[in-house]
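*Asks:* One structure coming up, written as structure tokens, with questions to follow.
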Amino acid sequence: MQQPKVFTDPDVASTTKSVMKKLPEVTLAFWIMKIAATTLGETAGDLFSQTLKLGYFLTTIVLFLIFVVTLVVQLRSSRYNPFFYWTVILSTSMAGTTTSDFMNRDASAKYLSNGATSLGWGPQGLGIGYPAGAAILLSILMVIFAVWRLSGMTFQIRDIVTFRGEALFWSAILVSNTLGTSMGDFLSDSSGLGYAGGALLVTGLLAVLVALMKVPVVPNVLLFWIAFVLTRPLGATAGDFLTKPVAKGGLNLGTAGSSAVLLAVLLGLMAYAQVRERRTRAERG
């Protein structure tokens, strides 16, 4: 999506020439990689917390630490590196999956299968439910956006070149991916639509956003962030569809097998993006 300059960072004019861009252009390839990363985030998060039985609490702590490490690498990078950028996106997706599960689920039979009474070490979950969890996360995201706007910095990721702008961007990414997980799990588990139905609904909403790009009064920067949130539940429902039992409407491919295939796809896309980025730099001299 090409985004009009709705918000302007006062630092951008003076630094754009001297600071290399660190975030990607928003193209069709961007959205394909986003969906691949968020789907892998769903299957990999479930692999650690459920299949390996580490539990939501411990897995959330570990994945959040991984997110911090990948974020530090991204922030210290002097220019856009597809491997660094998409690794952070993946880590936010995995951490968002288990954080959402910990917030919304508990140790009841509804969430623990095969007669299990616990899952891993530590608290089993807060059990606040998907609607309440989504409302809390949406409120946090709105606060981040309010602070972002009051700061006067740009919402357009192609123009984010300052540390403060990038910190706000990644804060919004982490919360939006967690929010998207709650929305996706609600569609899959509680709405009655099932995994395929939930994915079709989100796909339809994304198609509406594409149509709204042609409406001048709707800022594309707003459509970008709505689409960014919605691609997370699309990944969540797609991931559940791949891994859950056939009796529950899934394909029963398992978290390990699905994660391995999705990781191979994402690595291939990242390598392609890296080649394109190097070619673009060479052409620019």
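Letters for chains follow the order of the structure tokens (A, B, ...), residue numbers begin at 1 for each chain, and ligand numbers begin at 1 in the order shown.
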Give me the residues near Trp86 (chain A) as a PyMOL selection string, where near means some atom within 10 Å (using only C-alpha atoms) and where sequence neighbours in that chain fewer than 3 positions away do not count.

*Replies:* chain A and resi 23-24+30+33-34+37+70+74+81-83+89-92+266-267+269-270

*Asks:* Residues within 8 Å of Asp101 (chain A), please, as a ChimeraX atom specification. Count only C-alpha atoms; anything in the same chain fewer than 4 positions from it doesn't count.

*Replies:* /A:56,97,105,125,182

*Asks:* Using only C-alpha atoms, which of the listed residues (A:Leu75, A:Ile35, A:Val215, A:Ala44) sits closest to Val161 (chain A)?

*Replies:*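 Going through A:Leu75, A:Ile35, A:Val215, A:Ala44 one by one, the smallest distance to Val161 (chain A) is for A:Leu75.
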
*Asks:* Can you work out the spacing between CA of Thr154 (chain A) and CA of Val208 (chain A) in Å, to one decimal?

*Replies:*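 Going from CA of Thr154 (chain A) over to CA of Val208 (chain A), I get 24.9 Å.
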
*Asks:* Using only C-alpha atoms, pick whichever of A:Pro123, A:Met103, A:Gly41, A:Ile61 has the shortest atom-to-atom distance to Thr87 (chain A).

*Replies:*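 Going through A:Pro123, A:Met103, A:Gly41, A:Ile61 one by one, the smallest distance to Thr87 (chain A) is for A:Gly41.
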
*Asks:* For the contact check between region 211-283 of chain A and region 126-146 of chain A, emit one row per residue of region 211-283 of chain A within 12 Å, containing the shortest atom pair and the distance in Å rounded to one decimal, counting only C-alpha atoms, chain then rising number order, as CSV.

*Replies:*
residue,atom,partner,partner_atom,distance
A:Leu222,CA,A:Phe145,CA,11.0
A:Trp225,CA,A:Phe145,CA,10.3
A:Ile226,CA,A:Leu138,CA,11.6
A:Val229,CA,A:Leu138,CA,10.1
A:Pro233,CA,A:Ala134,CA,11.6

*Asks:* So which residues of region 69-184 of chain A fall under helix (DSSP H, G or I) by DSSP, listed as number ranges by chain?

*Replies:* A: 69-76, 82-104, 130-150, 157-159, 163-184

*Asks:* Would you save the residues from that selection as a PDB file, in the first residue's frame, using C-alpha atoms?

*Replies:*
ATOM      1  CA  VAL A  69      17.379 -10.032  21.371  1.00  0.00           C
ATOM      2  CA  THR A  70      16.100  -9.845  17.786  1.00  0.00           C
ATOM      3  CA  LEU A  71      14.882  -6.291  18.359  1.00  0.00           C
ATOM      4  CA  VAL A  72      18.280  -5.174  19.654  1.00  0.00           C
ATOM      5  CA  VAL A  73      19.903  -6.599  16.510  1.00  0.00           C
ATOM      6  CA  GLN A  74      17.371  -4.737  14.341  1.00  0.00           C
ATOM      7  CA  LEU A  75      17.791  -1.455  16.226  1.00  0.00           C
ATOM      8  CA  ARG A  76      21.582  -1.640  16.034  1.00  0.00           C
ATOM      9  CA  PRO A  82      15.338  -8.393   5.460  1.00  0.00           C
ATOM     10  CA  PHE A  83      16.624 -11.182   7.725  1.00  0.00           C
ATOM     11  CA  PHE A  84      16.797  -8.879  10.752  1.00  0.00           C
ATOM     12  CA  TYR A  85      13.418  -7.247  10.068  1.00  0.00           C
ATOM     13  CA  TRP A  86      11.436 -10.442   9.405  1.00  0.00           C
ATOM     14  CA  THR A  87      13.071 -12.253  12.318  1.00  0.00           C
ATOM     15  CA  VAL A  88      11.661  -9.571  14.620  1.00  0.00           C
ATOM     16  CA  ILE A  89       8.243  -9.903  12.963  1.00  0.00           C
ATOM     17  CA  LEU A  90       8.420 -13.668  13.519  1.00  0.00           C
ATOM     18  CA  SER A  91       9.480 -13.276  17.158  1.00  0.00           C
ATOM     19  CA  THR A  92       6.600 -10.857  17.840  1.00  0.00           C
ATOM     20  CA  SER A  93       4.208 -13.348  16.242  1.00  0.00           C
ATOM     21  CA  MET A  94       5.456 -16.238  18.397  1.00  0.00           C
ATOM     22  CA  ALA A  95       5.485 -14.155  21.581  1.00  0.00           C
ATOM     23  CA  GLY A  96       2.062 -12.736  20.672  1.00  0.00           C
ATOM     24  CA  THR A  97       0.647 -16.241  20.272  1.00  0.00           C
ATOM     25  CA  THR A  98       1.630 -17.459  23.741  1.00  0.00           C
ATOM     26  CA  THR A  99       0.953 -14.096  25.426  1.00  0.00           C
ATOM     27  CA  SER A 100      -2.582 -14.135  24.034  1.00  0.00           C
ATOM     28  CA  ASP A 101      -3.059 -17.761  25.099  1.00  0.00           C
ATOM     29  CA  PHE A 102      -1.801 -16.994  28.606  1.00  0.00           C
ATOM     30  CA  MET A 103      -4.118 -14.003  28.923  1.00  0.00           C
ATOM     31  CA  ASN A 104      -7.232 -15.640  27.533  1.00  0.00           C
ATOM     32  CA  TYR A 130     -10.908 -13.730  24.053  1.00  0.00           C
ATOM     33  CA  PRO A 131     -13.296 -10.709  23.995  1.00  0.00           C
ATOM     34  CA  ALA A 132     -11.875  -9.192  27.203  1.00  0.00           C
ATOM     35  CA  GLY A 133      -8.326  -9.981  26.129  1.00  0.00           C
ATOM     36  CA  ALA A 134      -8.860  -8.355  22.749  1.00  0.00           C
ATOM     37  CA  ALA A 135     -10.418  -5.274  24.389  1.00  0.00           C
ATOM     38  CA  ILE A 136      -7.416  -4.857  26.709  1.00  0.00           C
ATOM     39  CA  LEU A 137      -4.919  -5.252  23.879  1.00  0.00           C
ATOM     40  CA  LEU A 138      -6.859  -2.874  21.618  1.00  0.00           C
ATOM     41  CA  SER A 139      -6.812  -0.272  24.408  1.00  0.00           C
ATOM     42  CA  ILE A 140      -3.038  -0.652  24.798  1.00  0.00           C
ATOM     43  CA  LEU A 141      -2.581  -0.318  21.039  1.00  0.00           C
ATOM     44  CA  MET A 142      -4.670   2.854  20.981  1.00  0.00           C
ATOM     45  CA  VAL A 143      -2.520   4.332  23.767  1.00  0.00           C
ATOM     46  CA  ILE A 144       0.628   3.569  21.743  1.00  0.00           C
ATOM     47  CA  PHE A 145      -0.853   5.251  18.681  1.00  0.00           C
ATOM     48  CA  ALA A 146      -1.922   8.265  20.775  1.00  0.00           C
ATOM     49  CA  VAL A 147       1.611   8.671  22.157  1.00  0.00           C
ATOM     50  CA  TRP A 148       2.971   8.181  18.632  1.00  0.00           C
ATOM     51  CA  ARG A 149       0.773  10.920  17.198  1.00  0.00           C
ATOM     52  CA  LEU A 150       1.473  13.339  20.059  1.00  0.00           C
ATOM     53  CA  ILE A 157       7.087   2.991   7.887  1.00  0.00           C
ATOM     54  CA  ARG A 158       9.072   3.937   4.772  1.00  0.00           C
ATOM     55  CA  ASP A 159       9.945   7.265   6.454  1.00  0.00           C
ATOM     56  CA  PHE A 163      15.301   5.426  17.111  1.00  0.00           C
ATOM     57  CA  ARG A 164      12.174   6.788  18.834  1.00  0.00           C
ATOM     58  CA  GLY A 165      10.084   6.216  15.737  1.00  0.00           C
ATOM     59  CA  GLU A 166      11.337   2.665  15.363  1.00  0.00           C
ATOM     60  CA  ALA A 167      10.739   1.942  19.069  1.00  0.00           C
ATOM     61  CA  LEU A 168       7.117   3.089  18.740  1.00  0.00           C
ATOM     62  CA  PHE A 169       6.741   1.061  15.548  1.00  0.00           C
ATOM     63  CA  TRP A 170       7.924  -2.185  17.169  1.00  0.00           C
ATOM     64  CA  SER A 171       5.810  -1.589  20.276  1.00  0.00           C
ATOM     65  CA  ALA A 172       2.755  -1.308  18.045  1.00  0.00           C
ATOM     66  CA  ILE A 173       3.815  -4.423  16.109  1.00  0.00           C
ATOM     67  CA  LEU A 174       4.144  -6.549  19.254  1.00  0.00           C
ATOM     68  CA  VAL A 175       0.756  -5.499  20.632  1.00  0.00           C
ATOM     69  CA  SER A 176      -1.000  -5.737  17.248  1.00  0.00           C
ATOM     70  CA  ASN A 177       0.286  -9.288  16.709  1.00  0.00           C
ATOM     71  CA  THR A 178      -0.912 -10.277  20.191  1.00  0.00           C
ATOM     72  CA  LEU A 179      -4.284  -8.625  19.512  1.00  0.00           C
ATOM     73  CA  GLY A 180      -4.528 -10.411  16.180  1.00  0.00           C
ATOM     74  CA  THR A 181      -3.923 -13.750  17.891  1.00  0.00           C
ATOM     75  CA  SER A 182      -6.821 -13.129  20.292  1.00  0.00           C
ATOM     76  CA  MET A 183      -9.065 -12.196  17.378  1.00  0.00           C
ATOM     77  CA  GLY A 184      -8.009 -15.240  15.367  1.00  0.00           C
TER      78      GLY A 184
END

*Asks:* Distance CA of Gly45 (chain A)-CA of Ala271 (chain A), one decimal place?

*Replies:* 23.1 Å

*Asks:* Just the residues within 12 Å of Lys248 (chain A), please, counting only C-alpha atoms, with nothing from its chain fewer than 2 positions along; format it as a PyMOL selection string.

*Replies:* chain A and resi 188-189+192-196+240-246+250-252

*Asks:* May I have the selected residues written with all heavy atoms, as a short mmCIF file (atom, residue, chain, number, x, y, z; two decimals), in the first residue's frame?

*Replies:*
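Output (selection-v4.cif):
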data_model
loop_
_atom_site.label_atom_id
_atom_site.label_comp_id
_atom_site.auth_asym_id
_atom_site.auth_seq_id
_atom_site.Cartn_x
_atom_site.Cartn_y
_atom_site.Cartn_z
N SER A 188 -11.76 -18.79 15.46
CA SER A 188 -11.59 -20.23 15.27
C SER A 188 -12.34 -21.04 16.31
O SER A 188 -12.97 -22.06 15.99
CB SER A 188 -10.11 -20.60 15.30
OG SER A 188 -9.41 -19.96 14.26
N ASP A 189 -12.26 -20.62 17.58
CA ASP A 189 -12.73 -21.45 18.69
C ASP A 189 -14.12 -21.08 19.20
O ASP A 189 -14.83 -21.95 19.70
CB ASP A 189 -11.74 -21.36 19.86
CG ASP A 189 -10.35 -21.86 19.49
OD1 ASP A 189 -10.25 -22.62 18.53
OD2 ASP A 189 -9.38 -21.46 20.16
N GLY A 192 -17.93 -20.00 16.07
CA GLY A 192 -18.70 -20.98 15.33
C GLY A 192 -18.34 -21.05 13.85
O GLY A 192 -18.85 -21.90 13.12
N LEU A 193 -17.43 -20.19 13.41
CA LEU A 193 -17.03 -20.18 12.00
C LEU A 193 -16.04 -21.29 11.68
O LEU A 193 -15.94 -21.72 10.54
CB LEU A 193 -16.41 -18.82 11.64
CG LEU A 193 -17.34 -17.61 11.67
CD1 LEU A 193 -16.55 -16.34 11.44
CD2 LEU A 193 -18.43 -17.76 10.61
N GLY A 194 -15.29 -21.73 12.70
CA GLY A 194 -14.25 -22.72 12.44
C GLY A 194 -13.02 -22.09 11.84
O GLY A 194 -12.97 -20.89 11.58
N TYR A 195 -11.99 -22.90 11.61
CA TYR A 195 -10.71 -22.38 11.11
C TYR A 195 -10.85 -21.84 9.69
O TYR A 195 -10.40 -20.72 9.39
CB TYR A 195 -9.65 -23.48 11.16
CG TYR A 195 -9.53 -24.11 12.52
CD1 TYR A 195 -9.69 -25.49 12.70
CD2 TYR A 195 -9.29 -23.33 13.65
CE1 TYR A 195 -9.58 -26.06 13.95
CE2 TYR A 195 -9.19 -23.89 14.91
CZ TYR A 195 -9.34 -25.26 15.06
OH TYR A 195 -9.25 -25.82 16.29
N ALA A 196 -11.43 -22.62 8.80
CA ALA A 196 -11.57 -22.17 7.42
C ALA A 196 -12.51 -20.98 7.31
O ALA A 196 -12.24 -20.02 6.58
CB ALA A 196 -12.07 -23.32 6.55
N ASP A 240 -3.97 -22.71 12.80
CA ASP A 240 -4.84 -23.69 13.46
C ASP A 240 -5.41 -24.68 12.46
O ASP A 240 -5.54 -25.88 12.75
CB ASP A 240 -5.97 -22.98 14.20
CG ASP A 240 -5.49 -22.29 15.48
OD1 ASP A 240 -4.43 -22.69 15.99
OD2 ASP A 240 -6.18 -21.37 15.95
N PHE A 241 -5.76 -24.19 11.28
CA PHE A 241 -6.31 -25.07 10.26
C PHE A 241 -5.29 -26.13 9.84
O PHE A 241 -5.63 -27.29 9.60
CB PHE A 241 -6.72 -24.23 9.04
CG PHE A 241 -7.28 -25.03 7.89
CD1 PHE A 241 -8.48 -25.72 8.03
CD2 PHE A 241 -6.61 -25.09 6.68
CE1 PHE A 241 -8.99 -26.47 6.97
CE2 PHE A 241 -7.12 -25.83 5.62
CZ PHE A 241 -8.32 -26.52 5.77
N LEU A 242 -4.02 -25.76 9.80
CA LEU A 242 -2.98 -26.71 9.43
C LEU A 242 -2.71 -27.75 10.52
O LEU A 242 -2.45 -28.92 10.22
CB LEU A 242 -1.67 -25.97 9.12
CG LEU A 242 -1.64 -25.10 7.87
CD1 LEU A 242 -0.35 -24.28 7.82
CD2 LEU A 242 -1.77 -25.94 6.61
N THR A 243 -2.80 -27.32 11.79
CA THR A 243 -2.30 -28.17 12.87
C THR A 243 -3.37 -28.92 13.65
O THR A 243 -3.08 -29.99 14.20
CB THR A 243 -1.49 -27.32 13.86
OG1 THR A 243 -2.34 -26.29 14.41
CG2 THR A 243 -0.30 -26.66 13.18
N LYS A 244 -4.58 -28.41 13.71
CA LYS A 244 -5.59 -29.01 14.59
C LYS A 244 -6.15 -30.31 13.99
O LYS A 244 -6.07 -30.55 12.79
CB LYS A 244 -6.74 -28.02 14.84
CG LYS A 244 -6.30 -26.74 15.53
CD LYS A 244 -5.63 -26.99 16.86
CE LYS A 244 -5.23 -25.68 17.53
NZ LYS A 244 -4.52 -25.90 18.81
N PRO A 245 -6.71 -31.18 14.86
CA PRO A 245 -7.25 -32.47 14.39
C PRO A 245 -8.37 -32.29 13.36
O PRO A 245 -9.06 -31.28 13.34
CB PRO A 245 -7.79 -33.10 15.68
CG PRO A 245 -7.05 -32.43 16.78
CD PRO A 245 -6.82 -31.03 16.32
N VAL A 246 -8.54 -33.32 12.54
CA VAL A 246 -9.60 -33.29 11.52
C VAL A 246 -10.96 -33.17 12.17
O VAL A 246 -11.86 -32.49 11.65
CB VAL A 246 -9.52 -34.57 10.66
CG1 VAL A 246 -10.68 -34.62 9.67
CG2 VAL A 246 -8.19 -34.63 9.91
N GLY A 250 -9.53 -29.17 11.33
CA GLY A 250 -8.19 -28.90 10.83
C GLY A 250 -7.68 -29.98 9.91
O GLY A 250 -8.38 -30.95 9.61
N LEU A 251 -6.41 -29.83 9.48
CA LEU A 251 -5.79 -30.81 8.59
C LEU A 251 -4.92 -31.80 9.35
O LEU A 251 -4.42 -32.75 8.75
CB LEU A 251 -4.94 -30.09 7.53
CG LEU A 251 -5.70 -29.20 6.55
CD1 LEU A 251 -4.73 -28.54 5.58
CD2 LEU A 251 -6.75 -29.99 5.79
N ASN A 252 -4.68 -31.56 10.64
CA ASN A 252 -3.93 -32.46 11.51
C ASN A 252 -2.51 -32.71 10.98
O ASN A 252 -1.98 -33.81 11.05
CB ASN A 252 -4.66 -33.80 11.66
CG ASN A 252 -4.14 -34.60 12.85
OD1 ASN A 252 -3.69 -34.03 13.85
ND2 ASN A 252 -4.21 -35.92 12.76
#

*Asks:* How many Å separate CA of Lys21 (chain A) from CA of Ile160 (chain A)?

*Replies:* 7.3 Å

*Asks:* Can you tell me, as an mmCIF file with C-alpha atoms, in the first residue's frame, what residues are no more than 12 Å from Thr280 (chain A) when counting only C-alpha atoms, ignoring any on the same chain fewer than 5 positions away?

*Replies:*
data_model
loop_
_atom_site.group_PDB
_atom_site.id
_atom_site.type_symbol
_atom_site.label_atom_id
_atom_site.label_comp_id
_atom_site.auth_asym_id
_atom_site.auth_seq_id
_atom_site.Cartn_x
_atom_site.Cartn_y
_atom_site.Cartn_z
ATOM 1 C CA GLU A 25 8.705 -0.856 1.287
ATOM 2 C CA TYR A 80 17.299 -2.331 6.239
ATOM 3 C CA ALA A 273 14.068 -10.125 -0.336
ATOM 4 C CA GLN A 274 17.765 -9.931 0.563
ATOM 5 C CA VAL A 275 18.787 -10.420 -3.072
ATOM 6 C CA GLY A 285 25.095 3.298 -6.679
#

*Asks:* Considering only C-alpha atoms, can you say which of A:Tyr272, A:Tyr111, A:Leu119, A:Arg232 comes closest to Leu52 (chain A)?

*Replies:*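 Closest to Leu52 (chain A), using only C-alpha atoms: A:Leu119.
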
*Asks:* Pick from A:Pro216, A:Gly152, A:Gly257, A:Gly239: nearest to Leu40 (chain A), with only C-alpha atoms counted?

*Replies:*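 Distance minimum relative to Leu40 (chain A) lands on A:Gly239.
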